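Enquirer: Below is a structure I'd like to ask you about.
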Amino acid sequence: MNSLKCAKGIRIATLAPLMAFVALLLLFVAEPSIFDSWFQFSFALLFLVVLPVMAYPLQPIVPGFRHKGREGQRNFAIFMGVLGYVFGILFAYVTNAPEGTTMIYWIYFLSGVGIVVFNKVLRIRASGHACGVVGPISFLIYFLGSIAFIGLLLIALVYWASLKMKRHTLSELIWGSAISFIAVMGIILVFQ
């Protein structure tokens with residue numbers, strides 16, 4: 001397999017909703033008290049995985065996004081992600097979700113808002129892809145401890161793949177990573 005195909009495979013395998021799925025599943029298996037029940041876990045999957053994934057099949061048919069190519073796909077994915085995160089936060093408070101579940105929704109929400117602010121308001125291109133990888137790995141380290149440090153290797157692979165495919169510059173990757181890392185640290189401080 002050539003390096004470009006490998007880079008593309010890494011980027012596909014580490015899309016933010018897929019990373020969310022893996023992180024949620026790992027937490028549910030290793031620390032089930034974070035969700036407290038199948039009910040909370042199932043809705044976390046709905047809000048953090050299913051809704052954001054729906055951006056990809058829906059983008060070609062949604063007015064305002066359908067004729068905008070890759071940039072339209074990226075913008076709609078951000079929109080659907082943030083929408084899912086807002087629903088998740090509301091659901092957490094309505095159902096009195098466990099603290100860990102609520103923290104995860106807030107981390108995703110703040111990360112999504114950070115990506116929007118940087119890309120649309122400040123006009124600083126920050127990688128949503130890096131944000132969607134660094135955030136889950138950071139909260140896995142918080143919830144699971146040092147075993148999750150293995151995820152740092154995945155971050156390195158994502159950086160390599162993104163640079164190899166010329167999807168992002170190093171500074172865009174760093175900005176995206178910083179947004180989610182700061183969101184994780186901020187939420188940990190607020191909930192302690």
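Each chain in the structure tokens gets a letter, A, B and so on, in the order shown; residues start at 1 in every chain, and ligands are counted from 1 in the order they appear.
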Near Phe91 (chain A), counting only C-alpha atoms, which residues have an atom at most 12 Å away, once you skip same-chain residues fewer than 2 positions from it, shown as a PyMOL selection string?
Expert: chain A and resi 39-44+46-47+84-89+93-98+101-102+105-106
Enquirer: Among region 29-111 of chain A, which ones does DSSP place in helix (DSSP H, G or I), written as a PyMOL selection string?
Expert: chain A and resi 29-30+32-34+38-53+55-61+69-94+99-111
Enquirer: Extract, using only C-alpha atoms, all DNA, RNA and protein residues at most 6 Å from region 123-126 of chain A, discarding same-chain residues fewer than 5 positions from it, and format them as an mmCIF file with N, CA and C atoms, in the first residue's frame.
Expert:
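Output file part-v6.cif follows:
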```
data_model
loop_
_atom_site.group_PDB
_atom_site.id
_atom_site.type_symbol
_atom_site.label_atom_id
_atom_site.label_comp_id
_atom_site.auth_asym_id
_atom_site.auth_seq_id
_atom_site.Cartn_x
_atom_site.Cartn_y
_atom_site.Cartn_z
ATOM 1 N N PHE A 118 -13.036 29.675 15.720
ATOM 2 C CA PHE A 118 -11.756 29.837 15.030
ATOM 3 C C PHE A 118 -11.939 29.937 13.520
ATOM 4 N N GLU A 172 -2.624 24.439 11.626
ATOM 5 C CA GLU A 172 -4.055 24.102 11.671
ATOM 6 C C GLU A 172 -4.305 22.889 12.563
ATOM 7 N N TRP A 175 -3.830 24.088 16.218
ATOM 8 C CA TRP A 175 -4.988 24.859 16.679
ATOM 9 C C TRP A 175 -6.151 23.921 17.015
ATOM 10 N N GLY A 176 -6.452 22.984 16.116
ATOM 11 C CA GLY A 176 -7.550 22.050 16.363
ATOM 12 C C GLY A 176 -7.320 21.206 17.608
#
```
Enquirer: Which polymer residues have any atom within 12 Å of an atom of region 61-76 of chain A, counting only C-alpha atoms, with same-chain residues fewer than 3 positions away left out, as a list in words?
Expert: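 Non-adjacent residues within range: Leu15, Ala16, Leu51, Pro52, Val53, Met54, Ala55, Tyr56, Pro57, Leu58, Phe79, Met80, Gly81, Val82, Leu83, Gly112, Ile115, Val116, Asn119, Lys120, Arg125, Ala126, Ser127, Gly128, His129 and Arg167 of chain A.
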Enquirer: For a test of reading the model, state the distance in Å between CA of Val29 (chain A) and CA of Leu90 (chain A), rounded to one decimal.
Expert: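 Here the two named atoms are 24.6 Å from each other.
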Enquirer: Write out as a count of residues only which residues come within 10 Å of Lys5 (chain A) when counting only C-alpha atoms, dropping same-chain ones fewer than 5 positions away.
Expert: 4
